[in-house]
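Asks: Just one file: entry09.cif, with mmCIF, C-alpha atoms.
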```cif
data_coords
#
loop_
_atom_site.label_atom_id
_atom_site.label_comp_id
_atom_site.auth_asym_id
_atom_site.auth_seq_id
_atom_site.Cartn_x
_atom_site.Cartn_y
_atom_site.Cartn_z
CA MET A 1 -32.31 8.75 -16.14
CA LYS A 2 -30.15 6.50 -13.99
CA ASP A 3 -26.54 6.04 -15.05
CA ASP A 4 -25.34 2.48 -14.35
CA THR A 5 -21.82 2.91 -15.68
CA PRO A 6 -19.18 2.26 -13.04
CA SER A 7 -17.06 5.15 -11.86
CA LYS A 8 -13.54 5.46 -13.16
CA SER A 9 -11.14 3.84 -10.73
CA PRO A 10 -7.44 4.71 -10.47
CA SER A 11 -4.89 2.52 -12.21
CA TYR A 12 -3.33 -0.33 -10.28
CA LEU A 13 0.04 1.43 -10.32
CA ILE A 14 -1.50 4.48 -8.64
CA ILE A 15 -3.20 2.24 -6.07
CA ALA A 16 0.09 0.48 -5.34
CA LEU A 17 2.01 3.76 -5.04
CA ILE A 18 -0.46 5.54 -2.78
CA GLN A 19 -1.11 2.55 -0.53
CA GLY A 20 2.57 1.64 -0.40
CA ILE A 21 3.82 5.13 0.41
CA VAL A 22 1.23 5.75 3.12
CA PHE A 23 1.85 2.33 4.67
CA ALA A 24 5.65 2.69 4.54
CA VAL A 25 5.61 6.08 6.24
CA LEU A 26 3.10 5.19 8.96
CA TRP A 27 4.45 1.70 9.61
CA GLY A 28 8.07 2.85 9.53
CA ILE A 29 7.48 5.67 12.00
CA GLY A 30 5.43 3.43 14.26
CA MET A 31 7.96 0.62 14.26
CA TYR A 32 10.83 3.01 14.84
CA PHE A 33 9.31 4.61 17.92
CA LEU A 34 7.79 1.41 19.31
CA LEU A 35 10.58 -1.07 18.68
CA TRP A 36 13.61 -0.20 16.56
CA ARG A 37 14.75 2.86 18.53
CA ASP A 38 15.21 0.73 21.66
CA TYR A 39 17.24 -1.81 19.66
CA GLY A 40 19.53 0.89 18.30
CA THR A 41 18.59 0.28 14.66
CA ASN A 42 20.28 2.78 12.33
CA TRP A 43 18.21 5.01 10.08
CA GLN A 44 19.33 3.29 6.83
CA THR A 45 17.94 -0.05 7.98
CA THR A 46 14.75 1.63 9.12
CA VAL A 47 14.21 3.33 5.75
CA ILE A 48 15.02 0.23 3.70
CA THR A 49 12.75 -1.98 5.80
CA ALA A 50 9.89 0.52 5.64
CA LEU A 51 10.26 0.82 1.85
CA ALA A 52 10.26 -2.96 1.44
CA ALA A 53 7.16 -3.29 3.61
CA GLY A 54 5.43 -0.48 1.71
CA THR A 55 6.27 -2.06 -1.63
CA LEU A 56 4.89 -5.41 -0.53
CA PHE A 57 1.74 -3.88 0.99
CA GLY A 58 1.06 -1.65 -2.03
CA SER A 59 1.51 -4.56 -4.41
CA ILE A 60 -0.88 -6.73 -2.44
CA MET A 61 -3.49 -3.95 -2.36
CA ALA A 62 -3.21 -3.47 -6.14
CA ILE A 63 -3.62 -7.23 -6.70
CA ILE A 64 -6.70 -7.27 -4.49
CA ALA A 65 -8.15 -4.30 -6.41
CA ALA A 66 -7.49 -6.06 -9.73
CA LEU A 67 -9.14 -9.27 -8.54
CA ARG A 68 -12.19 -7.37 -7.27
CA ALA A 69 -12.49 -5.49 -10.56
CA LYS A 70 -12.26 -8.76 -12.49
CA LYS A 71 -14.92 -10.32 -10.27
CA ALA A 72 -17.21 -7.28 -10.71
CA LYS A 73 -16.89 -7.51 -14.51
CA ARG A 74 -18.09 -11.11 -14.46
CA ARG A 75 -21.37 -10.14 -12.77
#
```
Let me see the file written as structure tokens.
Replies:
Amino acid sequence: MKDDTPSKSPSYLIIALIQGIVFAVLWGIGMYFLLWRDYGTNWQTTVITALAAGTLFGSIMAIIAALRAKKAKRR
């Protein structure tokens, strides 16, 4: 018998945290070595900027996941 129930997806908070942390680490390291190191940016500014970018990215990814889930429910 075929089971048509959708799989359990992670909560939007978990999506935001995972996506945000991964993005912040990778983007922060990349930006530091490609750009900020040559400008002499201190480590505090690097960490704060990476955390802000990760928070924004994770939030956007969670919103997109919520909108896709809402759209899938309507079908």
Asks: I need the residue nearest Met31 of chain A from this list: A:Ile18, A:Lys73, A:Ser9, A:Ala50. Use all atoms listed in the file for the distance.
Replies: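 Residue with the minimum atom-to-atom distance to Met31 of chain A: A:Ala50.
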Asks: Please write as a PDB file with C-alpha atoms, in the frame of the given file the full residue list that the PyMOL selection byres ((chain A and resi 20) around 10) yields on this file.
Replies:
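Written out: result_16.pdb:
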```pdb
ATOM      1  CA  ILE A  14      -1.500   4.480  -8.640  1.00  0.00           C
ATOM      2  CA  ILE A  15      -3.200   2.240  -6.070  1.00  0.00           C
ATOM      3  CA  ALA A  16       0.090   0.480  -5.340  1.00  0.00           C
ATOM      4  CA  LEU A  17       2.010   3.760  -5.040  1.00  0.00           C
ATOM      5  CA  ILE A  18      -0.460   5.540  -2.780  1.00  0.00           C
ATOM      6  CA  GLN A  19      -1.110   2.550  -0.530  1.00  0.00           C
ATOM      7  CA  ILE A  21       3.820   5.130   0.410  1.00  0.00           C
ATOM      8  CA  VAL A  22       1.230   5.750   3.120  1.00  0.00           C
ATOM      9  CA  PHE A  23       1.850   2.330   4.670  1.00  0.00           C
ATOM     10  CA  ALA A  24       5.650   2.690   4.540  1.00  0.00           C
ATOM     11  CA  VAL A  25       5.610   6.080   6.240  1.00  0.00           C
ATOM     12  CA  ALA A  50       9.890   0.520   5.640  1.00  0.00           C
ATOM     13  CA  LEU A  51      10.260   0.820   1.850  1.00  0.00           C
ATOM     14  CA  ALA A  52      10.260  -2.960   1.440  1.00  0.00           C
ATOM     15  CA  ALA A  53       7.160  -3.290   3.610  1.00  0.00           C
ATOM     16  CA  GLY A  54       5.430  -0.480   1.710  1.00  0.00           C
ATOM     17  CA  THR A  55       6.270  -2.060  -1.630  1.00  0.00           C
ATOM     18  CA  LEU A  56       4.890  -5.410  -0.530  1.00  0.00           C
ATOM     19  CA  PHE A  57       1.740  -3.880   0.990  1.00  0.00           C
ATOM     20  CA  GLY A  58       1.060  -1.650  -2.030  1.00  0.00           C
ATOM     21  CA  SER A  59       1.510  -4.560  -4.410  1.00  0.00           C
ATOM     22  CA  ILE A  60      -0.880  -6.730  -2.440  1.00  0.00           C
ATOM     23  CA  MET A  61      -3.490  -3.950  -2.360  1.00  0.00           C
ATOM     24  CA  ALA A  62      -3.210  -3.470  -6.140  1.00  0.00           C
TER      25      ALA A  62
END
```
Asks: Using Å and a single decimal, report how far atom CA of Tyr32 of chain A sits from atom CA of Thr46 of chain A.
Replies: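 Distance reported for this atom pair: 7.1 Å.
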Asks: Atom CA of Leu13 of chain A and atom CA of Arg74 of chain A, how far apart in Å?
Replies: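 Result for atom CA of Arg74 of chain A versus atom CA of Leu13 of chain A: 22.4 Å, one decimal.
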Asks: Interatomic distance between atom CA of Ala69 of chain A and atom CA of Pro10 of chain A?
Replies: 11.4 Å
Asks: Give the answer as one residue: which of A:Arg75, A:Val47, A:Ile64, A:Thr41 has the shortest atom-to-atom distance to Leu26 of chain A, using all atoms listed in the file?
Replies: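 Going through A:Arg75, A:Val47, A:Ile64, A:Thr41 one by one, the smallest distance to Leu26 of chain A is for A:Val47.
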Asks: Considering all atoms listed in the file, can you say which of A:Trp27, A:Arg68, A:Ser11, A:Arg37 comes closest to Thr49 of chain A?
Replies: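 Closest to Thr49 of chain A of all the choices is A:Trp27.
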